[in-house]
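Reproduced below: input_13.cif, with mmCIF, N, CA and C atoms and all ligand atoms.
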data_final
loop_
_atom_site.label_atom_id
_atom_site.label_comp_id
_atom_site.auth_asym_id
_atom_site.auth_seq_id
_atom_site.Cartn_x
_atom_site.Cartn_y
_atom_site.Cartn_z
N MET P 1 -69.89 290.51 -74.55
CA MET P 1 -70.72 289.31 -74.35
C MET P 1 -70.28 288.24 -75.35
N PRO P 2 -69.86 287.07 -74.90
CA PRO P 2 -69.40 286.05 -75.84
C PRO P 2 -70.55 285.53 -76.70
N GLU P 3 -70.26 285.25 -77.99
CA GLU P 3 -71.29 284.74 -78.89
C GLU P 3 -71.61 283.29 -78.61
N ASN P 4 -70.56 282.48 -78.44
CA ASN P 4 -70.77 281.07 -78.16
C ASN P 4 -70.70 280.83 -76.66
N PRO P 5 -71.77 280.31 -76.09
CA PRO P 5 -71.75 280.07 -74.65
C PRO P 5 -70.59 279.14 -74.27
N ASP P 6 -69.96 279.44 -73.15
CA ASP P 6 -68.83 278.65 -72.69
C ASP P 6 -69.35 277.46 -71.88
N PHE P 7 -69.64 276.36 -72.61
CA PHE P 7 -70.19 275.21 -71.91
C PHE P 7 -69.18 274.55 -70.99
N GLU P 8 -67.90 274.80 -71.23
CA GLU P 8 -66.90 274.23 -70.32
C GLU P 8 -67.04 274.86 -68.94
N ALA P 9 -67.23 276.17 -68.89
CA ALA P 9 -67.41 276.83 -67.59
C ALA P 9 -68.69 276.36 -66.92
N LEU P 10 -69.74 276.18 -67.72
CA LEU P 10 -71.01 275.69 -67.15
C LEU P 10 -70.85 274.26 -66.63
N PHE P 11 -70.15 273.45 -67.40
CA PHE P 11 -69.93 272.06 -66.97
C PHE P 11 -69.20 272.01 -65.64
N HIS P 12 -68.14 272.78 -65.52
CA HIS P 12 -67.35 272.74 -64.28
C HIS P 12 -68.16 273.26 -63.09
N ALA P 13 -68.96 274.29 -63.32
CA ALA P 13 -69.77 274.84 -62.22
C ALA P 13 -70.83 273.84 -61.78
N ALA P 14 -71.48 273.19 -62.74
CA ALA P 14 -72.53 272.22 -62.40
C ALA P 14 -71.94 270.97 -61.75
N ALA P 15 -70.80 270.51 -62.27
CA ALA P 15 -70.16 269.32 -61.70
C ALA P 15 -69.63 269.60 -60.30
N ALA P 16 -69.23 270.84 -60.04
CA ALA P 16 -68.68 271.18 -58.72
C ALA P 16 -69.77 271.24 -57.66
N ILE P 17 -70.97 271.70 -58.05
CA ILE P 17 -72.03 271.85 -57.04
C ILE P 17 -72.83 270.56 -56.87
N GLN P 18 -72.84 269.70 -57.87
CA GLN P 18 -73.66 268.47 -57.82
C GLN P 18 -73.40 267.61 -56.56
N PRO P 19 -72.16 267.42 -56.13
CA PRO P 19 -71.96 266.58 -54.93
C PRO P 19 -72.51 267.21 -53.66
N ARG P 20 -72.81 268.50 -53.69
CA ARG P 20 -73.33 269.19 -52.50
C ARG P 20 -74.85 269.13 -52.43
N ALA P 21 -75.48 268.53 -53.42
CA ALA P 21 -76.94 268.42 -53.41
C ALA P 21 -77.40 267.70 -52.14
N TYR P 22 -78.57 268.06 -51.66
CA TYR P 22 -79.18 267.39 -50.51
C TYR P 22 -80.28 266.49 -51.05
N ALA P 23 -79.95 265.21 -51.23
CA ALA P 23 -80.89 264.28 -51.86
C ALA P 23 -80.93 262.96 -51.10
N PRO P 24 -81.28 263.02 -49.78
CA PRO P 24 -81.26 261.78 -48.99
C PRO P 24 -82.40 260.83 -49.33
N TYR P 25 -83.41 261.28 -50.08
CA TYR P 25 -84.56 260.43 -50.37
C TYR P 25 -84.43 259.76 -51.73
N SER P 26 -84.09 260.53 -52.76
CA SER P 26 -83.93 259.93 -54.09
C SER P 26 -82.50 259.44 -54.31
N HIS P 27 -81.55 259.97 -53.55
CA HIS P 27 -80.12 259.70 -53.77
C HIS P 27 -79.70 260.09 -55.18
N PHE P 28 -80.44 261.01 -55.77
CA PHE P 28 -80.15 261.45 -57.13
C PHE P 28 -79.76 262.93 -57.06
N ARG P 29 -78.46 263.14 -57.11
CA ARG P 29 -77.96 264.51 -56.94
C ARG P 29 -77.77 265.15 -58.31
N VAL P 30 -78.24 266.39 -58.41
CA VAL P 30 -78.21 267.12 -59.68
C VAL P 30 -77.57 268.49 -59.45
N GLY P 31 -76.77 268.90 -60.42
CA GLY P 31 -76.23 270.25 -60.44
C GLY P 31 -76.67 270.95 -61.71
N ALA P 32 -76.96 272.23 -61.62
CA ALA P 32 -77.33 273.01 -62.80
C ALA P 32 -76.52 274.28 -62.81
N ALA P 33 -76.16 274.73 -64.00
CA ALA P 33 -75.45 276.00 -64.14
C ALA P 33 -76.06 276.78 -65.28
N LEU P 34 -76.18 278.08 -65.06
CA LEU P 34 -76.76 279.00 -66.04
C LEU P 34 -75.72 280.04 -66.41
N MET P 35 -75.70 280.43 -67.67
CA MET P 35 -74.93 281.61 -68.06
C MET P 35 -75.88 282.78 -68.21
N ALA P 36 -75.60 283.85 -67.50
CA ALA P 36 -76.42 285.05 -67.57
C ALA P 36 -76.01 285.90 -68.76
N GLY P 37 -76.76 286.95 -68.99
CA GLY P 37 -76.55 287.79 -70.15
C GLY P 37 -75.16 288.38 -70.26
N ASP P 38 -74.51 288.59 -69.14
CA ASP P 38 -73.16 289.18 -69.15
C ASP P 38 -72.06 288.13 -69.18
N GLY P 39 -72.44 286.85 -69.30
CA GLY P 39 -71.45 285.77 -69.33
C GLY P 39 -71.13 285.19 -67.96
N SER P 40 -71.68 285.76 -66.92
CA SER P 40 -71.42 285.21 -65.58
C SER P 40 -72.16 283.88 -65.41
N VAL P 41 -71.62 283.03 -64.52
CA VAL P 41 -72.14 281.67 -64.34
C VAL P 41 -72.71 281.54 -62.94
N HIS P 42 -73.90 280.91 -62.84
CA HIS P 42 -74.61 280.76 -61.58
C HIS P 42 -75.08 279.32 -61.46
N ALA P 43 -74.80 278.71 -60.31
CA ALA P 43 -75.06 277.28 -60.17
C ALA P 43 -75.99 277.01 -59.00
N GLY P 44 -76.63 275.83 -59.06
CA GLY P 44 -77.50 275.39 -57.97
C GLY P 44 -77.60 273.88 -57.96
N CYS P 45 -78.10 273.34 -56.85
CA CYS P 45 -78.26 271.89 -56.72
C CYS P 45 -79.65 271.61 -56.14
N ASN P 46 -80.11 270.36 -56.28
CA ASN P 46 -81.41 270.02 -55.73
C ASN P 46 -81.34 269.91 -54.21
N VAL P 47 -82.45 270.28 -53.59
CA VAL P 47 -82.58 270.27 -52.13
C VAL P 47 -83.89 269.58 -51.79
N GLU P 48 -83.81 268.34 -51.33
CA GLU P 48 -85.03 267.57 -51.04
C GLU P 48 -85.53 267.86 -49.64
N ASN P 49 -86.71 267.29 -49.33
CA ASN P 49 -87.37 267.57 -48.06
C ASN P 49 -88.12 266.33 -47.61
N ALA P 50 -88.21 266.13 -46.30
CA ALA P 50 -88.95 264.99 -45.77
C ALA P 50 -90.40 265.02 -46.23
N ALA P 51 -90.94 266.21 -46.43
CA ALA P 51 -92.25 266.36 -47.09
C ALA P 51 -91.95 266.43 -48.59
N TYR P 52 -91.96 265.29 -49.24
CA TYR P 52 -91.36 265.14 -50.58
C TYR P 52 -91.67 266.25 -51.59
N PRO P 53 -92.94 266.67 -51.74
CA PRO P 53 -93.20 267.66 -52.81
C PRO P 53 -92.55 269.02 -52.58
N VAL P 54 -92.07 269.24 -51.39
CA VAL P 54 -91.48 270.55 -51.08
C VAL P 54 -90.04 270.66 -51.61
N GLY P 55 -89.46 269.55 -51.99
CA GLY P 55 -88.10 269.57 -52.52
C GLY P 55 -87.98 270.44 -53.76
N THR P 56 -86.79 270.97 -53.98
CA THR P 56 -86.58 271.86 -55.13
C THR P 56 -85.49 271.30 -56.04
N CYS P 57 -85.63 271.59 -57.32
CA CYS P 57 -84.70 271.11 -58.33
C CYS P 57 -83.46 272.00 -58.42
N ALA P 58 -82.41 271.44 -59.00
CA ALA P 58 -81.16 272.18 -59.19
C ALA P 58 -81.37 273.41 -60.06
N GLU P 59 -82.23 273.29 -61.06
CA GLU P 59 -82.46 274.42 -61.97
C GLU P 59 -83.08 275.60 -61.22
N ALA P 60 -84.02 275.29 -60.31
CA ALA P 60 -84.67 276.36 -59.55
C ALA P 60 -83.65 277.07 -58.66
N ALA P 61 -82.73 276.29 -58.08
CA ALA P 61 -81.70 276.90 -57.23
C ALA P 61 -80.75 277.76 -58.05
N ALA P 62 -80.41 277.30 -59.25
CA ALA P 62 -79.52 278.09 -60.11
C ALA P 62 -80.19 279.39 -60.55
N ILE P 63 -81.49 279.31 -60.85
CA ILE P 63 -82.22 280.53 -61.21
C ILE P 63 -82.23 281.50 -60.03
N ALA P 64 -82.47 280.99 -58.84
CA ALA P 64 -82.49 281.86 -57.66
C ALA P 64 -81.12 282.52 -57.46
N ALA P 65 -80.05 281.77 -57.68
CA ALA P 65 -78.70 282.33 -57.53
C ALA P 65 -78.47 283.43 -58.57
N MET P 66 -78.92 283.19 -59.80
CA MET P 66 -78.73 284.18 -60.86
C MET P 66 -79.53 285.45 -60.57
N ILE P 67 -80.77 285.28 -60.17
CA ILE P 67 -81.61 286.44 -59.86
C ILE P 67 -81.03 287.20 -58.67
N GLY P 68 -80.57 286.46 -57.66
CA GLY P 68 -79.98 287.11 -56.48
C GLY P 68 -78.72 287.87 -56.79
N ALA P 69 -78.03 287.46 -57.86
CA ALA P 69 -76.81 288.16 -58.28
C ALA P 69 -77.14 289.35 -59.17
N GLY P 70 -78.42 289.56 -59.47
CA GLY P 70 -78.82 290.76 -60.19
C GLY P 70 -79.01 290.61 -61.68
N HIS P 71 -79.15 289.37 -62.16
CA HIS P 71 -79.30 289.14 -63.60
C HIS P 71 -80.72 288.67 -63.93
N ARG P 72 -81.12 288.92 -65.18
CA ARG P 72 -82.49 288.63 -65.58
C ARG P 72 -82.58 287.81 -66.87
N THR P 73 -81.43 287.49 -67.46
CA THR P 73 -81.42 286.79 -68.75
C THR P 73 -80.56 285.53 -68.67
N ILE P 74 -81.14 284.41 -69.15
CA ILE P 74 -80.38 283.15 -69.26
C ILE P 74 -79.93 282.99 -70.70
N ARG P 75 -78.62 282.86 -70.91
CA ARG P 75 -78.08 282.67 -72.26
C ARG P 75 -77.80 281.22 -72.58
N ALA P 76 -77.55 280.41 -71.55
CA ALA P 76 -77.27 278.99 -71.76
C ALA P 76 -77.48 278.26 -70.44
N VAL P 77 -77.79 276.96 -70.58
CA VAL P 77 -78.10 276.12 -69.41
C VAL P 77 -77.33 274.81 -69.54
N LEU P 78 -76.82 274.31 -68.43
CA LEU P 78 -76.26 272.95 -68.41
C LEU P 78 -76.73 272.25 -67.14
N VAL P 79 -77.25 271.03 -67.31
CA VAL P 79 -77.71 270.22 -66.19
C VAL P 79 -76.82 268.99 -66.10
N TYR P 80 -76.33 268.73 -64.90
CA TYR P 80 -75.36 267.65 -64.68
C TYR P 80 -75.93 266.62 -63.72
N GLY P 81 -75.92 265.34 -64.12
CA GLY P 81 -76.35 264.28 -63.22
C GLY P 81 -75.71 262.97 -63.60
N GLU P 82 -75.75 262.02 -62.67
CA GLU P 82 -75.18 260.71 -62.93
C GLU P 82 -76.28 259.75 -63.38
N GLY P 83 -75.94 258.53 -63.61
CA GLY P 83 -76.92 257.56 -64.09
C GLY P 83 -76.81 257.40 -65.60
N ALA P 84 -77.49 256.36 -66.10
CA ALA P 84 -77.36 256.02 -67.51
C ALA P 84 -78.09 257.01 -68.42
N GLN P 85 -79.19 257.55 -67.94
CA GLN P 85 -80.02 258.42 -68.79
C GLN P 85 -79.60 259.88 -68.64
N PRO P 86 -79.62 260.64 -69.74
CA PRO P 86 -79.35 262.08 -69.62
C PRO P 86 -80.39 262.75 -68.72
N VAL P 87 -79.92 263.66 -67.87
CA VAL P 87 -80.82 264.34 -66.94
C VAL P 87 -81.36 265.61 -67.61
N THR P 88 -82.49 265.44 -68.28
CA THR P 88 -83.15 266.60 -68.89
C THR P 88 -84.02 267.28 -67.82
N PRO P 89 -84.18 268.59 -67.93
CA PRO P 89 -84.97 269.30 -66.92
C PRO P 89 -86.41 268.79 -66.87
N CYS P 90 -86.98 268.75 -65.67
CA CYS P 90 -88.38 268.34 -65.52
C CYS P 90 -89.29 269.39 -66.16
N GLY P 91 -90.54 269.05 -66.34
CA GLY P 91 -91.47 269.96 -67.00
C GLY P 91 -91.59 271.30 -66.31
N ALA P 92 -91.67 271.28 -64.99
CA ALA P 92 -91.80 272.54 -64.25
C ALA P 92 -90.56 273.41 -64.44
N CYS P 93 -89.40 272.78 -64.47
CA CYS P 93 -88.16 273.57 -64.63
C CYS P 93 -88.02 274.11 -66.05
N ARG P 94 -88.55 273.41 -67.03
CA ARG P 94 -88.55 273.96 -68.39
C ARG P 94 -89.30 275.29 -68.40
N GLN P 95 -90.42 275.33 -67.71
CA GLN P 95 -91.18 276.57 -67.63
C GLN P 95 -90.44 277.62 -66.79
N ARG P 96 -89.79 277.20 -65.72
CA ARG P 96 -89.01 278.15 -64.91
C ARG P 96 -87.90 278.78 -65.75
N LEU P 97 -87.23 277.96 -66.55
CA LEU P 97 -86.16 278.48 -67.41
C LEU P 97 -86.73 279.44 -68.44
N ARG P 98 -87.90 279.12 -68.96
CA ARG P 98 -88.54 279.92 -70.02
C ARG P 98 -88.76 281.37 -69.60
N GLU P 99 -88.97 281.57 -68.32
CA GLU P 99 -89.23 282.93 -67.83
C GLU P 99 -88.07 283.88 -68.16
N PHE P 100 -86.85 283.34 -68.16
CA PHE P 100 -85.66 284.19 -68.31
C PHE P 100 -84.85 283.86 -69.56
N ALA P 101 -85.29 282.86 -70.31
CA ALA P 101 -84.57 282.43 -71.50
C ALA P 101 -85.44 282.67 -72.73
N SER P 102 -84.93 282.29 -73.88
CA SER P 102 -85.67 282.43 -75.13
C SER P 102 -85.87 281.04 -75.73
N PRO P 103 -86.78 280.91 -76.70
CA PRO P 103 -86.95 279.59 -77.33
C PRO P 103 -85.64 279.02 -77.87
N GLY P 104 -84.75 279.86 -78.36
CA GLY P 104 -83.49 279.37 -78.93
C GLY P 104 -82.37 279.14 -77.93
N THR P 105 -82.60 279.40 -76.67
CA THR P 105 -81.54 279.24 -75.66
C THR P 105 -81.07 277.79 -75.60
N PRO P 106 -79.75 277.54 -75.68
CA PRO P 106 -79.25 276.17 -75.62
C PRO P 106 -79.31 275.57 -74.21
N VAL P 107 -79.73 274.31 -74.16
CA VAL P 107 -79.78 273.56 -72.90
C VAL P 107 -78.97 272.28 -73.11
N ALA P 108 -77.86 272.16 -72.39
CA ALA P 108 -77.02 270.97 -72.49
C ALA P 108 -77.26 270.09 -71.28
N VAL P 109 -77.22 268.78 -71.50
CA VAL P 109 -77.30 267.84 -70.38
C VAL P 109 -76.01 267.03 -70.37
N ALA P 110 -75.47 266.84 -69.16
CA ALA P 110 -74.14 266.26 -69.04
C ALA P 110 -74.08 265.22 -67.94
N GLY P 111 -73.13 264.31 -68.11
CA GLY P 111 -72.78 263.34 -67.08
C GLY P 111 -71.30 263.49 -66.77
N PRO P 112 -70.78 262.61 -65.94
CA PRO P 112 -69.38 262.75 -65.53
C PRO P 112 -68.41 262.78 -66.71
N GLU P 113 -68.77 262.12 -67.80
CA GLU P 113 -67.86 262.06 -68.94
C GLU P 113 -67.93 263.29 -69.84
N GLY P 114 -68.93 264.13 -69.62
CA GLY P 114 -69.07 265.34 -70.44
C GLY P 114 -70.49 265.53 -70.93
N ILE P 115 -70.64 266.39 -71.93
CA ILE P 115 -71.97 266.71 -72.46
C ILE P 115 -72.53 265.51 -73.22
N ARG P 116 -73.78 265.15 -72.90
CA ARG P 116 -74.43 263.99 -73.51
C ARG P 116 -75.39 264.38 -74.62
N ALA P 117 -76.00 265.53 -74.49
CA ALA P 117 -76.97 265.97 -75.51
C ALA P 117 -77.15 267.47 -75.39
N ARG P 118 -77.55 268.06 -76.50
CA ARG P 118 -77.85 269.49 -76.53
C ARG P 118 -79.21 269.71 -77.17
N PHE P 119 -79.97 270.59 -76.58
CA PHE P 119 -81.29 270.94 -77.08
C PHE P 119 -81.40 272.46 -77.10
N THR P 120 -82.46 272.95 -77.76
CA THR P 120 -82.88 274.32 -77.50
C THR P 120 -84.05 274.25 -76.53
N LEU P 121 -84.31 275.36 -75.87
CA LEU P 121 -85.45 275.36 -74.95
C LEU P 121 -86.74 275.10 -75.71
N GLU P 122 -86.81 275.58 -76.96
CA GLU P 122 -88.00 275.34 -77.80
C GLU P 122 -88.23 273.84 -78.03
N GLU P 123 -87.14 273.09 -78.17
CA GLU P 123 -87.29 271.65 -78.36
C GLU P 123 -87.83 270.98 -77.10
N LEU P 124 -87.43 271.49 -75.95
CA LEU P 124 -87.87 270.89 -74.69
C LEU P 124 -89.26 271.37 -74.27
N LEU P 125 -89.61 272.58 -74.71
CA LEU P 125 -90.89 273.19 -74.31
C LEU P 125 -91.48 273.92 -75.50
N PRO P 126 -92.07 273.16 -76.45
CA PRO P 126 -92.59 273.78 -77.68
C PRO P 126 -93.78 274.69 -77.40
N ALA P 127 -93.93 275.68 -78.27
CA ALA P 127 -95.09 276.58 -78.21
C ALA P 127 -95.32 277.09 -76.79
N SER P 128 -94.24 277.53 -76.17
CA SER P 128 -94.30 277.84 -74.74
C SER P 128 -95.01 279.15 -74.45
N PHE P 129 -95.43 279.27 -73.23
CA PHE P 129 -96.06 280.49 -72.71
C PHE P 129 -95.00 281.25 -71.93
N GLY P 130 -94.78 282.50 -72.30
CA GLY P 130 -93.76 283.29 -71.62
C GLY P 130 -94.27 284.66 -71.24
N PRO P 131 -93.37 285.48 -70.70
CA PRO P 131 -93.79 286.81 -70.23
C PRO P 131 -94.49 287.62 -71.30
N ALA P 132 -94.09 287.48 -72.57
CA ALA P 132 -94.69 288.29 -73.63
C ALA P 132 -96.14 287.90 -73.92
N ASN P 133 -96.58 286.76 -73.42
CA ASN P 133 -97.97 286.33 -73.61
C ASN P 133 -98.95 287.09 -72.73
N LEU P 134 -98.43 287.74 -71.72
CA LEU P 134 -99.30 288.47 -70.82
C LEU P 134 -99.49 289.89 -71.31
N PRO P 135 -100.71 290.43 -71.19
CA PRO P 135 -100.90 291.83 -71.57
C PRO P 135 -100.15 292.74 -70.61
N ARG P 136 -99.63 293.82 -71.13
CA ARG P 136 -98.88 294.75 -70.27
C ARG P 136 -99.81 295.74 -69.62
N1 LIG K 1 -84.00 266.83 -60.27
C1 LIG K 1 -83.38 268.04 -60.51
O1 LIG K 1 -82.91 268.70 -59.57
N2 LIG K 1 -83.30 268.46 -61.79
C2 LIG K 1 -83.69 267.76 -62.88
O2 LIG K 1 -83.52 268.23 -64.00
C3 LIG K 1 -84.32 266.44 -62.72
C4 LIG K 1 -84.61 266.04 -61.32
C5 LIG K 1 -84.05 266.34 -58.89
C6 LIG K 1 -85.38 266.42 -58.20
C7 LIG K 1 -85.23 265.35 -57.14
O3 LIG K 1 -84.57 265.92 -56.02
C8 LIG K 1 -84.32 264.33 -57.76
O4 LIG K 1 -83.68 264.98 -58.86
C9 LIG K 1 -85.04 263.09 -58.27
O5 LIG K 1 -86.09 263.42 -59.11
#
Whole structure, structure tokens version:
Amino acid sequence: MPENPDFEALFHAAAAIQPRAYAPYSHFRVGAALMAGDGSVHAGCNVENAAYPVGTCAEAAAIAAMIGAGHRTIRAVLVYGEGAQPVTPCGACRQRLREFASPGTPVAVAGPEGIRARFTLEELLPASFGPANLPR
């Protein structure tokens, strides 16, 4: 298992899937890539819907791809989008990531030119509620 997450692999995976996003309403296409516990990379894109709230984020699709591939741990996250502002995960996706990541898990946000900012999940979602908060 590599110690330093390979953000280059995550960048390429997220940038490759971003143009395939289905975003006819916002025209804002997003790609996300996750590194699982074994170093494998899983990507997803946003999929919008004519019934607007039903649309799903790129992060949710990447999580579904990772879970479907048989993994349960997120070691690193990269979100790729265009526009002037860095595309940080929405509040709901921060919680979705938290289910499989740790407070210290790195989350990078990138644009076409490369990585724009790096955070930990704790910085994006302080004092978070996770699986360990539930009684067993
Ligand atoms: N979106 C994502 O897929 N991920 C983010 O981190 C931010 C926003 C999507 C949702 C919607 O389809 C579009 O971007 C505009 O909000």
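In this comparison, which uses only N, CA and C atoms and all ligand atoms, the residue of P:Val30, P:Ala69, P:Ala62, P:Ala132 approaching ligand LIG 1 (chain K) most closely is P:Val30.
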Taking only C-alpha atoms and all ligand atoms into account, produce a table as a tab-separated table in which each residue of chain P with an atom at most 9 Å from an atom of ligand LIG 1 (chain K) appears once, together with its shortest atom pair and the distance in Å to one decimal, ordered by chain and rising number.
residue	atom	partner	partner_atom	distance
P:Ala21	CA	K:LIG1	O3	8.4
P:Tyr22	CA	K:LIG1	O3	7.8
P:Ala23	CA	K:LIG1	O3	5.8
P:Pro24	CA	K:LIG1	O3	8.8
P:Tyr25	CA	K:LIG1	O3	7.9
P:Ser26	CA	K:LIG1	C9	5.4
P:His27	CA	K:LIG1	C8	7.4
P:Phe28	CA	K:LIG1	C8	5.1
P:Arg29	CA	K:LIG1	O4	6.1
P:Val30	CA	K:LIG1	O1	5.0
P:Gly31	CA	K:LIG1	O1	6.9
P:Ala32	CA	K:LIG1	N2	7.6
P:Gly44	CA	K:LIG1	O1	8.8
P:Cys45	CA	K:LIG1	O1	6.3
P:Asn46	CA	K:LIG1	O1	4.3
P:Val47	CA	K:LIG1	O3	6.2
P:Glu48	CA	K:LIG1	O3	5.3
P:Asn49	CA	K:LIG1	O3	8.6
P:Tyr52	CA	K:LIG1	O3	8.7
P:Gly55	CA	K:LIG1	O3	6.2
P:Thr56	CA	K:LIG1	O3	6.3
P:Cys57	CA	K:LIG1	O1	3.2
P:Ala58	CA	K:LIG1	O1	3.9
P:Glu59	CA	K:LIG1	N2	6.0
P:Ala60	CA	K:LIG1	O1	7.9
P:Ala61	CA	K:LIG1	O1	8.6
P:Val79	CA	K:LIG1	O2	6.5
P:Tyr80	CA	K:LIG1	O2	8.2
P:Gly81	CA	K:LIG1	C2	8.1
P:Val87	CA	K:LIG1	O2	5.6
P:Thr88	CA	K:LIG1	O2	5.2
P:Pro89	CA	K:LIG1	O2	3.4
P:Cys90	CA	K:LIG1	O2	5.1
P:Gly91	CA	K:LIG1	O2	8.7
P:Cys93	CA	K:LIG1	O2	7.1
P:Arg94	CA	K:LIG1	O2	8.8
P:Val109	CA	K:LIG1	O2	8.9
Take the point (-83.5, 283.2, -64.9) as written in the file and pick out every residue within 7 Å of it, counting only N, CA and C atoms; give the list as a ChimeraX atom specification. /P:62-64,66-67,71-74,96-97,99-101
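Residues of range 3-68 of chain P that DSSP places in helix (DSSP H, G or I), based on the backbone of this structure, are P:Phe7, P:Glu8, P:Ala9, P:Leu10, P:Phe11, P:His12, P:Ala13, P:Ala14, P:Ala15, P:Ala16, P:Ile17, P:Gln18, P:Pro19, P:Arg20, P:Tyr52, P:Pro53, P:Val54, P:Ala58, P:Glu59, P:Ala60, P:Ala61, P:Ala62, P:Ile63, P:Ala64, P:Ala65, P:Met66, P:Ile67, P:Gly68.
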note - atom N of Phe7 in chain P and CA of Val41 in chain P are separated by 10.1 Å
Around (-83.3, 278.2, -79.6) in the file's own coordinates, what residues are found within 10 Å if you use only C-alpha atoms, given back as a PyMOL selection string? chain P and resi 76+101-107+119-124
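Of note, atom N of Ala36 in chain P and atom N of Ala92 in chain P are spaced 20.6 Å apart.
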Step one, run DSSP on the backbone; step two, keep only residues of chain P assigned to strand (DSSP E or B); then write them as a PyMOL selection string. chain P and resi 22+30-36+41-45+47+56+74-81+106-111+114-120
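For the atom pair formed by atom N of Ala108 in chain P and atom N of Glu82 in chain P, the distance is 14.2 Å, given to one decimal.
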Using the atoms already present, construct all heavy atoms for range 21-27 of chain P and hand them back as a JSON list (two decimals), keeping the file's coordinate frame.
[["chain", "number", "residue", "atom", "x", "y", "z"],
["P", 21, "ALA", "N", -75.48, 268.53, -53.42],
["P", 21, "ALA", "CA", -76.94, 268.42, -53.41],
["P", 21, "ALA", "C", -77.40, 267.70, -52.14],
["P", 21, "ALA", "O", -76.70, 266.82, -51.60],
["P", 21, "ALA", "CB", -77.42, 267.66, -54.65],
["P", 22, "TYR", "N", -78.57, 268.06, -51.66],
["P", 22, "TYR", "CA", -79.18, 267.39, -50.51],
["P", 22, "TYR", "C", -80.28, 266.49, -51.05],
["P", 22, "TYR", "O", -81.38, 266.96, -51.39],
["P", 22, "TYR", "CB", -79.75, 268.44, -49.55],
["P", 22, "TYR", "CG", -80.46, 267.85, -48.35],
["P", 22, "TYR", "CD1", -79.73, 267.25, -47.31],
["P", 22, "TYR", "CD2", -81.85, 267.89, -48.25],
["P", 22, "TYR", "CE1", -80.38, 266.71, -46.20],
["P", 22, "TYR", "CE2", -82.50, 267.35, -47.15],
["P", 22, "TYR", "CZ", -81.76, 266.76, -46.14],
["P", 22, "TYR", "OH", -82.39, 266.23, -45.04],
["P", 23, "ALA", "N", -79.95, 265.21, -51.23],
["P", 23, "ALA", "CA", -80.89, 264.28, -51.86],
["P", 23, "ALA", "C", -80.93, 262.96, -51.10],
["P", 23, "ALA", "O", -80.65, 261.89, -51.66],
["P", 23, "ALA", "CB", -80.50, 264.07, -53.33],
["P", 24, "PRO", "N", -81.28, 263.02, -49.78],
["P", 24, "PRO", "CA", -81.26, 261.78, -48.99],
["P", 24, "PRO", "C", -82.40, 260.83, -49.33],
["P", 24, "PRO", "O", -82.37, 259.67, -48.90],
["P", 24, "PRO", "CB", -81.40, 262.30, -47.55],
["P", 24, "PRO", "CG", -82.15, 263.59, -47.68],
["P", 24, "PRO", "CD", -81.68, 264.19, -48.99],
["P", 25, "TYR", "N", -83.41, 261.28, -50.08],
["P", 25, "TYR", "CA", -84.56, 260.43, -50.37],
["P", 25, "TYR", "C", -84.43, 259.76, -51.73],
["P", 25, "TYR", "O", -84.59, 258.55, -51.86],
["P", 25, "TYR", "CB", -85.85, 261.26, -50.25],
["P", 25, "TYR", "CG", -85.90, 261.93, -48.91],
["P", 25, "TYR", "CD1", -85.69, 263.31, -48.78],
["P", 25, "TYR", "CD2", -86.03, 261.19, -47.74],
["P", 25, "TYR", "CE1", -85.66, 263.92, -47.53],
["P", 25, "TYR", "CE2", -85.98, 261.79, -46.49],
["P", 25, "TYR", "CZ", -85.80, 263.15, -46.39],
["P", 25, "TYR", "OH", -85.74, 263.74, -45.16],
["P", 26, "SER", "N", -84.09, 260.53, -52.76],
["P", 26, "SER", "CA", -83.93, 259.93, -54.09],
["P", 26, "SER", "C", -82.50, 259.44, -54.31],
["P", 26, "SER", "O", -82.25, 258.61, -55.18],
["P", 26, "SER", "CB", -84.25, 260.96, -55.18],
["P", 26, "SER", "OG", -83.23, 261.94, -55.28],
["P", 27, "HIS", "N", -81.55, 259.97, -53.55],
["P", 27, "HIS", "CA", -80.12, 259.70, -53.77],
["P", 27, "HIS", "C", -79.70, 260.09, -55.18],
["P", 27, "HIS", "O", -78.74, 259.54, -55.72],
["P", 27, "HIS", "CB", -79.77, 258.23, -53.49],
["P", 27, "HIS", "CG", -80.18, 257.80, -52.11],
["P", 27, "HIS", "ND1", -79.53, 258.22, -50.98],
["P", 27, "HIS", "CD2", -81.21, 257.02, -51.70],
["P", 27, "HIS", "CE1", -80.12, 257.71, -49.92],
["P", 27, "HIS", "NE2", -81.15, 256.98, -50.32]]
